$ cat my_file.cif   # mmCIF, C-alpha atoms
data_model
#
loop_
_atom_site.group_PDB
_atom_site.id
_atom_site.type_symbol
_atom_site.label_atom_id
_atom_site.label_comp_id
_atom_site.auth_asym_id
_atom_site.auth_seq_id
_atom_site.Cartn_x
_atom_site.Cartn_y
_atom_site.Cartn_z
ATOM 1 C CA MET K 1 -67.854 176.116 78.687
ATOM 2 C CA THR K 2 -64.437 176.194 80.345
ATOM 3 C CA LEU K 3 -63.993 175.443 84.023
ATOM 4 C CA GLN K 4 -62.357 178.110 86.158
ATOM 5 C CA THR K 5 -59.104 176.613 87.418
ATOM 6 C CA SER K 6 -59.466 178.502 90.700
ATOM 7 C CA THR K 7 -62.411 176.244 91.673
ATOM 8 C CA ILE K 8 -60.785 172.909 90.832
ATOM 9 C CA ALA K 9 -59.605 171.935 94.332
ATOM 10 C CA VAL K 10 -62.918 172.892 95.968
ATOM 11 C CA ASP K 11 -65.100 171.140 93.380
ATOM 12 C CA TYR K 12 -62.889 168.057 93.402
ATOM 13 C CA GLU K 13 -62.980 167.759 97.200
ATOM 14 C CA ARG K 14 -66.785 168.045 97.220
ATOM 15 C CA ASP K 15 -67.790 166.049 94.137
ATOM 16 C CA GLY K 16 -64.786 163.839 93.348
ATOM 17 C CA PHE K 17 -64.508 165.291 89.854
ATOM 18 C CA VAL K 18 -64.210 168.480 87.832
ATOM 19 C CA SER K 19 -65.337 169.025 84.247
ATOM 20 C CA PRO K 20 -65.084 170.324 81.592
ATOM 21 C CA PHE K 21 -62.013 172.359 80.837
ATOM 22 C CA ASP K 22 -59.989 173.020 77.711
ATOM 23 C CA ILE K 23 -56.654 171.259 77.213
ATOM 24 C CA VAL K 24 -55.854 171.424 73.498
ATOM 25 C CA SER K 25 -57.662 172.941 70.536
ATOM 26 C CA GLU K 26 -60.020 170.898 68.396
ATOM 27 C CA GLY K 27 -57.378 170.963 65.652
ATOM 28 C CA GLU K 28 -54.696 169.631 68.005
ATOM 29 C CA ALA K 29 -57.070 166.901 69.171
ATOM 30 C CA LYS K 30 -57.585 165.899 65.535
ATOM 31 C CA GLU K 31 -53.803 165.715 65.048
ATOM 32 C CA LEU K 32 -53.457 163.429 68.073
ATOM 33 C CA ARG K 33 -56.239 161.247 66.755
ATOM 34 C CA ALA K 34 -54.612 161.092 63.327
ATOM 35 C CA ASP K 35 -51.284 160.067 64.862
ATOM 36 C CA LEU K 36 -52.992 157.309 66.834
ATOM 37 C CA GLU K 37 -54.994 156.071 63.871
ATOM 38 C CA SER K 38 -51.886 156.020 61.703
ATOM 39 C CA ALA K 39 -50.258 153.714 64.266
ATOM 40 C CA GLU K 40 -53.397 151.569 64.381
ATOM 41 C CA THR K 41 -53.267 151.198 60.595
ATOM 42 C CA GLU K 42 -49.571 150.338 60.722
ATOM 43 C CA PHE K 43 -50.203 147.512 63.200
ATOM 44 C CA ALA K 44 -53.592 146.388 61.944
ATOM 45 C CA ASP K 45 -52.164 142.917 61.299
ATOM 46 C CA HIS K 46 -50.032 142.832 64.442
ATOM 47 C CA SER K 47 -52.474 142.450 67.334
ATOM 48 C CA GLU K 48 -49.834 142.415 70.063
ATOM 49 C CA LYS K 49 -48.262 145.729 69.039
ATOM 50 C CA LEU K 50 -51.680 147.259 68.385
ATOM 51 C CA SER K 51 -52.727 146.382 71.932
ATOM 52 C CA ILE K 52 -49.534 147.921 73.350
ATOM 53 C CA VAL K 53 -50.029 151.151 71.381
ATOM 54 C CA ARG K 54 -53.524 151.499 72.817
ATOM 55 C CA SER K 55 -52.329 150.745 76.358
ATOM 56 C CA TYR K 56 -49.140 152.866 76.230
ATOM 57 C CA PRO K 57 -49.687 155.716 73.733
ATOM 58 C CA ALA K 58 -47.510 158.192 75.666
ATOM 59 C CA ARG K 59 -44.638 155.720 75.775
ATOM 60 C CA LEU K 60 -44.674 155.104 72.001
ATOM 61 C CA LEU K 61 -45.947 158.308 70.392
ATOM 62 C CA PRO K 62 -44.141 161.596 71.142
ATOM 63 C CA SER K 63 -47.356 163.515 70.486
ATOM 64 C CA PHE K 64 -49.057 161.704 73.380
ATOM 65 C CA ASP K 65 -46.039 162.136 75.642
ATOM 66 C CA LYS K 66 -46.391 165.865 74.974
ATOM 67 C CA LEU K 67 -50.089 165.638 75.897
ATOM 68 C CA ILE K 68 -49.483 164.114 79.350
ATOM 69 C CA ARG K 69 -47.033 166.981 80.038
ATOM 70 C CA HIS K 70 -49.317 169.700 78.637
ATOM 71 C CA PRO K 71 -49.197 172.859 80.797
ATOM 72 C CA ASN K 72 -52.999 173.041 80.965
ATOM 73 C CA LEU K 73 -53.181 169.518 82.407
ATOM 74 C CA ILE K 74 -50.250 169.997 84.753
ATOM 75 C CA ASP K 75 -51.736 173.249 86.052
ATOM 76 C CA ALA K 76 -55.151 171.673 86.673
ATOM 77 C CA VAL K 77 -53.930 168.465 88.325
ATOM 78 C CA SER K 78 -51.319 170.254 90.445
ATOM 79 C CA ARG K 79 -54.126 172.165 92.145
ATOM 80 C CA ILE K 80 -55.177 168.803 93.595
ATOM 81 C CA LEU K 81 -51.934 166.830 93.947
ATOM 82 C CA GLY K 82 -49.402 169.623 94.326
ATOM 83 C CA PRO K 83 -46.379 170.344 92.111
ATOM 84 C CA ASN K 84 -44.688 166.916 92.166
ATOM 85 C CA MET K 85 -46.287 164.423 89.793
ATOM 86 C CA LEU K 86 -45.727 161.171 87.936
ATOM 87 C CA VAL K 87 -47.946 159.573 85.315
ATOM 88 C CA TRP K 88 -48.559 155.972 86.413
ATOM 89 C CA GLY K 89 -50.043 155.129 83.053
ATOM 90 C CA SER K 90 -52.024 156.412 80.102
ATOM 91 C CA GLY K 91 -54.331 154.348 77.978
ATOM 92 C CA LEU K 92 -56.978 154.705 75.325
ATOM 93 C CA PHE K 93 -60.635 153.944 75.829
ATOM 94 C CA ILE K 94 -62.091 153.518 72.351
ATOM 95 C CA LYS K 95 -65.694 152.731 71.514
ATOM 96 C CA GLU K 96 -66.117 152.010 67.842
ATOM 97 C CA ALA K 97 -69.095 153.496 66.017
ATOM 98 C CA ASN K 98 -72.424 151.802 66.678
ATOM 99 C CA THR K 99 -71.075 149.158 69.040
ATOM 100 C CA PRO K 100 -72.341 147.782 72.376
ATOM 101 C CA HIS K 101 -69.115 148.344 74.355
ATOM 102 C CA TYR K 102 -69.576 149.940 77.756
ATOM 103 C CA VAL K 103 -67.837 150.506 81.094
ATOM 104 C CA SER K 104 -69.614 149.226 84.204
ATOM 105 C CA TRP K 105 -69.924 151.150 87.477
ATOM 106 C CA HIS K 106 -66.594 150.842 89.266
ATOM 107 C CA GLN K 107 -63.813 152.488 91.284
ATOM 108 C CA ASP K 108 -60.301 152.645 89.813
ATOM 109 C CA LEU K 109 -58.069 152.381 92.854
ATOM 110 C CA ASN K 110 -59.388 148.993 93.979
ATOM 111 C CA TYR K 111 -57.330 147.355 91.234
ATOM 112 C CA TRP K 112 -54.130 149.339 90.764
ATOM 113 C CA GLY K 113 -52.194 148.007 93.758
ATOM 114 C CA LEU K 114 -51.093 151.468 94.925
ATOM 115 C CA ASP K 115 -50.543 152.178 98.613
ATOM 116 C CA ASP K 116 -52.365 155.525 98.862
ATOM 117 C CA ILE K 117 -55.105 157.601 97.210
ATOM 118 C CA ASP K 118 -53.027 160.519 95.910
ATOM 119 C CA LYS K 119 -54.069 159.892 92.317
ATOM 120 C CA VAL K 120 -56.116 161.853 89.755
ATOM 121 C CA THR K 121 -57.301 160.543 86.401
ATOM 122 C CA ALA K 122 -57.503 163.064 83.569
ATOM 123 C CA TRP K 123 -59.714 161.896 80.711
ATOM 124 C CA VAL K 124 -59.030 163.810 77.486
ATOM 125 C CA ALA K 125 -61.484 163.584 74.588
ATOM 126 C CA LEU K 126 -60.016 163.125 71.094
ATOM 127 C CA SER K 127 -63.515 162.903 69.611
ATOM 128 C CA PRO K 128 -66.781 164.231 71.041
ATOM 129 C CA ALA K 129 -67.878 162.379 74.183
ATOM 130 C CA THR K 130 -71.651 162.811 74.270
ATOM 131 C CA THR K 131 -74.512 160.897 75.821
ATOM 132 C CA GLU K 132 -75.050 159.291 72.404
ATOM 133 C CA SER K 133 -71.393 158.278 71.984
ATOM 134 C CA GLY K 134 -71.089 156.880 75.511
ATOM 135 C CA CYS K 135 -69.569 159.639 77.632
ATOM 136 C CA MET K 136 -68.582 158.933 81.217
ATOM 137 C CA ARG K 137 -71.131 159.196 84.010
ATOM 138 C CA PHE K 138 -70.185 160.127 87.573
ATOM 139 C CA ILE K 139 -71.953 159.846 90.930
ATOM 140 C CA PRO K 140 -71.041 163.092 92.749
ATOM 141 C CA GLY K 141 -69.577 162.569 96.209
ATOM 142 C CA SER K 142 -69.206 158.806 95.842
ATOM 143 C CA GLN K 143 -65.413 159.059 96.192
ATOM 144 C CA LYS K 144 -65.997 159.253 99.949
ATOM 145 C CA GLN K 145 -66.914 155.549 99.890
ATOM 146 C CA ARG K 146 -63.526 153.828 99.895
ATOM 147 C CA GLY K 147 -62.803 150.298 98.726
ATOM 148 C CA VAL K 148 -66.366 149.205 97.870
ATOM 149 C CA SER K 149 -66.640 145.524 96.892
ATOM 150 C CA HIS K 150 -66.680 144.621 93.183
ATOM 151 C CA VAL K 151 -67.434 141.475 91.197
ATOM 152 C CA ASP K 152 -65.636 140.337 88.039
ATOM 153 C CA THR K 153 -67.778 139.683 84.964
ATOM 154 C CA PHE K 154 -65.180 139.435 82.167
ATOM 155 C CA SER K 155 -67.988 140.483 79.833
ATOM 156 C CA ASP K 156 -66.891 140.661 76.186
ATOM 157 C CA ASP K 157 -68.516 144.087 75.796
ATOM 158 C CA ASN K 158 -67.040 145.578 78.982
ATOM 159 C CA LEU K 159 -63.904 147.642 78.318
ATOM 160 C CA LEU K 160 -62.508 147.194 81.839
ATOM 161 C CA SER K 161 -59.657 144.781 82.529
ATOM 162 C CA ARG K 162 -61.790 142.302 84.496
ATOM 163 C CA GLY K 163 -65.229 143.566 83.546
ATOM 164 C CA GLN K 164 -65.352 144.611 87.199
ATOM 165 C CA GLU K 165 -68.480 146.211 88.541
ATOM 166 C CA LEU K 166 -69.617 147.502 91.897
ATOM 167 C CA ALA K 167 -71.309 144.902 94.074
ATOM 168 C CA VAL K 168 -73.647 147.553 95.486
ATOM 169 C CA GLU K 169 -76.666 149.187 93.941
ATOM 170 C CA VAL K 170 -75.980 152.513 92.217
ATOM 171 C CA ASP K 171 -78.738 155.118 92.086
ATOM 172 C CA GLU K 172 -78.385 156.150 88.453
ATOM 173 C CA SER K 173 -80.812 159.026 88.948
ATOM 174 C CA GLU K 174 -77.905 160.783 90.700
ATOM 175 C CA ALA K 175 -75.512 160.286 87.765
ATOM 176 C CA VAL K 176 -74.037 163.254 85.909
ATOM 177 C CA ASN K 177 -73.202 162.901 82.208
ATOM 178 C CA ILE K 178 -69.684 164.204 81.515
ATOM 179 C CA VAL K 179 -70.035 165.639 78.020
ATOM 180 C CA LEU K 180 -66.733 166.713 76.456
ATOM 181 C CA GLN K 181 -65.846 168.233 73.125
ATOM 182 C CA SER K 182 -62.665 167.240 71.302
ATOM 183 C CA GLY K 183 -59.703 168.646 73.222
ATOM 184 C CA GLN K 184 -61.560 168.990 76.532
ATOM 185 C CA ALA K 185 -60.914 166.981 79.685
ATOM 186 C CA SER K 186 -62.370 165.940 83.008
ATOM 187 C CA LEU K 187 -60.562 164.973 86.219
ATOM 188 C CA HIS K 188 -61.826 162.324 88.627
ATOM 189 C CA HIS K 189 -60.873 160.677 91.911
ATOM 190 C CA GLY K 190 -59.772 157.043 92.039
ATOM 191 C CA HIS K 191 -62.690 156.080 94.281
ATOM 192 C CA LEU K 192 -65.395 157.938 92.352
ATOM 193 C CA PHE K 193 -68.205 155.707 91.070
ATOM 194 C CA HIS K 194 -68.143 156.024 87.280
ATOM 195 C CA ALA K 195 -69.372 154.210 84.187
ATOM 196 C CA SER K 196 -70.259 154.815 80.535
ATOM 197 C CA GLY K 197 -72.719 153.447 78.007
ATOM 198 C CA PRO K 198 -72.410 152.253 74.397
ATOM 199 C CA ASN K 199 -71.616 154.388 71.373
ATOM 200 C CA THR K 200 -74.691 154.764 69.183
ATOM 201 C CA THR K 201 -73.138 157.309 66.792
ATOM 202 C CA ASN K 202 -71.415 156.907 63.431
ATOM 203 C CA ASP K 203 -67.985 157.979 64.721
ATOM 204 C CA ARG K 204 -65.502 156.453 67.134
ATOM 205 C CA ARG K 205 -65.511 157.733 70.706
ATOM 206 C CA ILE K 206 -61.828 158.097 71.660
ATOM 207 C CA GLY K 207 -60.570 159.143 75.079
ATOM 208 C CA VAL K 208 -57.128 159.171 76.689
ATOM 209 C CA SER K 209 -57.088 158.209 80.354
ATOM 210 C CA ILE K 210 -54.019 159.708 82.087
ATOM 211 C CA ARG K 211 -53.319 158.603 85.685
ATOM 212 C CA TYR K 212 -51.394 161.187 87.701
ATOM 213 C CA ILE K 213 -49.949 160.232 91.088
ATOM 214 C CA LYS K 214 -47.719 161.751 93.756
ATOM 215 C CA PRO K 215 -44.160 160.366 93.732
ATOM 216 C CA SER K 216 -44.618 159.308 97.376
ATOM 217 C CA MET K 217 -46.937 156.502 96.265
ATOM 218 C CA LYS K 218 -45.668 153.014 95.491
ATOM 219 C CA GLN K 219 -46.888 149.595 94.387
ATOM 220 C CA GLU K 220 -47.935 147.502 97.387
ATOM 221 C CA THR K 221 -46.112 144.531 95.831
ATOM 222 C CA GLY K 222 -42.829 146.424 95.660
ATOM 223 C CA ASP K 223 -42.830 146.282 91.847
ATOM 224 C CA ARG K 224 -41.253 149.237 90.068
ATOM 225 C CA SER K 225 -43.858 149.903 87.399
ATOM 226 C CA LEU K 226 -43.106 152.237 84.493
ATOM 227 C CA VAL K 227 -43.926 155.922 84.987
ATOM 228 C CA ALA K 228 -43.263 159.303 83.409
ATOM 229 C CA HIS K 229 -41.954 162.126 85.605
ATOM 230 C CA VAL K 230 -43.979 165.121 84.420
ATOM 231 C CA SER K 231 -43.697 167.821 87.088
ATOM 232 C CA GLY K 232 -41.664 168.889 90.088
ATOM 233 C CA GLU K 233 -39.370 166.492 91.936
ATOM 234 C CA ASP K 234 -39.307 162.776 92.688
ATOM 235 C CA ASN K 235 -37.437 162.238 95.932
ATOM 236 C CA PHE K 236 -38.691 158.692 96.491
ATOM 237 C CA ASN K 237 -37.523 156.529 93.559
ATOM 238 C CA HIS K 238 -40.376 154.038 93.936
ATOM 239 C CA PHE K 239 -40.873 153.478 90.194
ATOM 240 C CA THR K 240 -38.982 153.001 86.940
ATOM 241 C CA VAL K 241 -38.943 156.433 85.324
ATOM 242 C CA ALA K 242 -38.901 156.339 81.518
ATOM 243 C CA SER K 243 -37.477 159.199 79.499
ATOM 244 C CA PRO K 244 -39.723 160.720 76.821
ATOM 245 C CA PRO K 245 -39.727 158.734 73.561
ATOM 246 C CA THR K 246 -37.072 160.039 71.180
ATOM 247 C CA ASP K 247 -38.962 158.886 68.100
ATOM 248 C CA ARG K 248 -42.189 157.272 67.045
ATOM 249 C CA LEU K 249 -42.935 153.552 67.680
ATOM 250 C CA LEU K 250 -39.400 152.516 68.596
ATOM 251 C CA GLU K 251 -38.698 148.840 69.209
ATOM 252 C CA SER K 252 -36.817 149.730 72.404
ATOM 253 C CA ASP K 253 -39.956 151.426 73.725
ATOM 254 C CA PHE K 254 -42.117 148.414 72.843
ATOM 255 C CA ALA K 255 -39.675 146.341 74.917
ATOM 256 C CA LEU K 256 -40.109 148.676 77.917
ATOM 257 C CA CYS K 257 -43.876 148.398 77.585
ATOM 258 C CA ARG K 258 -43.752 144.595 77.460
ATOM 259 C CA ASP K 259 -41.780 144.532 80.711
ATOM 260 C CA ASP K 260 -44.323 146.825 82.333
ATOM 261 C CA GLN K 261 -47.200 144.738 80.986
ATOM 262 C CA GLU K 262 -46.020 141.851 83.161
ATOM 263 C CA ILE K 263 -46.201 144.056 86.256
ATOM 264 C CA LYS K 264 -49.560 145.560 85.345
ATOM 265 C CA ARG K 265 -50.989 142.119 84.586
ATOM 266 C CA ARG K 266 -49.967 140.800 88.015
ATOM 267 C CA VAL K 267 -51.367 143.894 89.714
ATOM 268 C CA LEU K 268 -54.651 144.224 87.831
ATOM 269 C CA TYR K 269 -55.544 140.545 87.802
ATOM 270 C CA ALA K 270 -54.477 139.758 91.391
ATOM 271 C CA GLY K 271 -57.019 137.340 92.856
ATOM 272 C CA ALA K 272 -58.966 136.999 89.605
ATOM 273 C CA LYS K 273 -59.972 133.588 88.275
ATOM 274 C CA SER K 274 -59.073 134.602 84.731
ATOM 275 C CA GLU K 275 -56.767 136.964 82.820
ATOM 276 C CA LYS K 276 -58.799 137.127 79.619
ATOM 277 C CA GLY K 277 -59.737 140.782 80.130
ATOM 278 C CA GLN K 278 -59.362 143.773 77.830
ATOM 279 C CA ARG K 279 -56.122 145.284 79.219
ATOM 280 C CA TYR K 280 -52.452 144.288 79.366
ATOM 281 C CA ARG K 281 -53.043 140.938 77.680
#
$ encode --input "my_file.cif" --output "structure tokens"
Amino acid sequence: MTLQTSTIAVDYERDGFVSPFDIVSEGEAKELRADLESAETEFADHSEKLSIVRSYPARLLPSFDKLIRHPNLIDAVSRILGPNMLVWGSGLFIKEANTPHYVSWHQDLNYWGLDDIDKVTAWVALSPATTESGCMRFIPGSQKQRGVSHVDTFSDDNLLSRGQELAVEVDESEAVNIVLQSGQASLHHGHLFHASGPNTTNDRRIGVSIRYIKPSMKQETGDRSLVAHVSGEDNFNHFTVASPPTDRLLESDFALCRDDQEIKRRVLYAGAKSEKGQRYR
């Protein structure tokens, strides 16, 4: 099933998400996965670089930079945000085969230190995201509840930076399973309640989370975090705009990512009692 792009803005306003729609072919998704897994093999004994690759794939791998600029994604997201867009970040959410890793019920924007809500997350599947492999689950309409309190768990099995989870009860009977085939994507609002369960299959569940924002947004701290300018104009200059990578896994690009890690760490762990989480370590 492919979503009609003409309904994106209406569905997103009502439900806080839209899904599914086709971005790349299954073959192209396999090529992206192969490129990623080649990098993972290359840095299997270098945990710091491996972590950066998984947190900044579009900064280090030209194939992923091409993905965040894909016309199908730009067309879909622009129907919500308009023609001018930056990518605030892109990261991989990987659940290894037959593992207990999960994502607790949470809202994204509570932790990103941005001054507005003009943000859309596109989640692109590089392997099938099914109920068995731990696909995302959304609570329709929950994006209308802004800034709900969370608690930090720092659970070893939670893939979120702080193991953060909503401090309110979630009626899971209302949850919608967001099943995606390789190459398909969903879009969701930064205040939408969402979560995902463990992967009980024999294959990895791999998704790319791409965070699109309007250039008018900025970090509340005044930091100039690293972004990609992917569509339209940026007349605000609130961020550090990185050019597309000119080659694969360049040391100069690792250096840019390390600088941005320091900003992201301050932003994401602000007020936390620990920084031992899964992201930007």
$ closest_residue --input "my_file.cif" --among "K:Ile8, K:Thr200, K:Asn235, K:Leu126" --to "Leu36 in chain K" --atoms "all atoms listed in the file"
K:Leu126
$ atom_distance --input "my_file.cif" --atom1 "CA of Gln219 in chain K" --atom2 "CA of Tyr111 in chain K"
11.1 Å
$ residues_near_point --input "my_file.cif" --point "(-40.2, 151.8, 73.6)" --cutoff "12 Å" --atoms "all atoms listed in the file" --output "VMD selection string"
chain K and resid 49 52 to 53 56 to 62 226 242 to 260
$ atom_distance --input "my_file.cif" --atom1 "CA of Leu81 in chain K" --atom2 "CA of Gly134 in chain K"
28.4 Å
$ resolve_selection --input "my_file.cif" --expression "the PyMOL selection byres ((chain K and resi 179) around 10)" --output "NGL selection string"
:K and (19-20 or 125 or 128-137 or 176-178 or 180-181 or 184-186)
$ resolve_selection --input "my_file.cif" --expression "the PyMOL selection byres ((chain K and resi 155-165) around 12)" --output "PyMOL selection string"
chain K and resi 55+91-96+99-108+110-112+148-154+166-170+193-199+264-281
$ residues_around --input "my_file.cif" --residues "Ser225 in chain K" --least-positions-apart "6" --cutoff "7 Å" --atoms "only C-alpha atoms" --output "short mmCIF file (atom, residue, chain, number, x, y, z; two decimals) with C-alpha atoms, in the frame of the given file"
data_model
loop_
_atom_site.label_atom_id
_atom_site.label_comp_id
_atom_site.auth_asym_id
_atom_site.auth_seq_id
_atom_site.Cartn_x
_atom_site.Cartn_y
_atom_site.Cartn_z
CA PHE K 239 -40.87 153.48 90.19
CA THR K 240 -38.98 153.00 86.94
CA ASP K 260 -44.32 146.82 82.33
CA ILE K 263 -46.20 144.06 86.26
#
$ atom_distance --input "my_file.cif" --atom1 "CA of Ile68 in chain K" --atom2 "CA of Ala29 in chain K"
13.0 Å
$ residues_around --input "my_file.cif" --residues "Leu187 in chain K" --least-positions-apart "4" --cutoff "9 Å" --atoms "all atoms listed in the file" --output "count of residues only"
13
$ closest_residue --input "my_file.cif" --among "K:His238, K:Lys30, K:Arg211, K:Arg79" --to "Gly183 in chain K" --atoms "all atoms listed in the file"
K:Lys30
$ residues_near_point --input "my_file.cif" --point "(-76.4, 156.0, 92.5)" --cutoff "9 Å" --atoms "only C-alpha atoms" --output "JSON, numbers by chain"
{"K": [138, 139, 140, 142, 169, 170, 171, 172, 173, 174, 175, 193]}
$ closest_residue --input "my_file.cif" --among "K:Asp234, K:Asp115, K:Glu262, K:Asp203" --to "Gly222 in chain K" --atoms "all atoms listed in the file"
K:Asp115
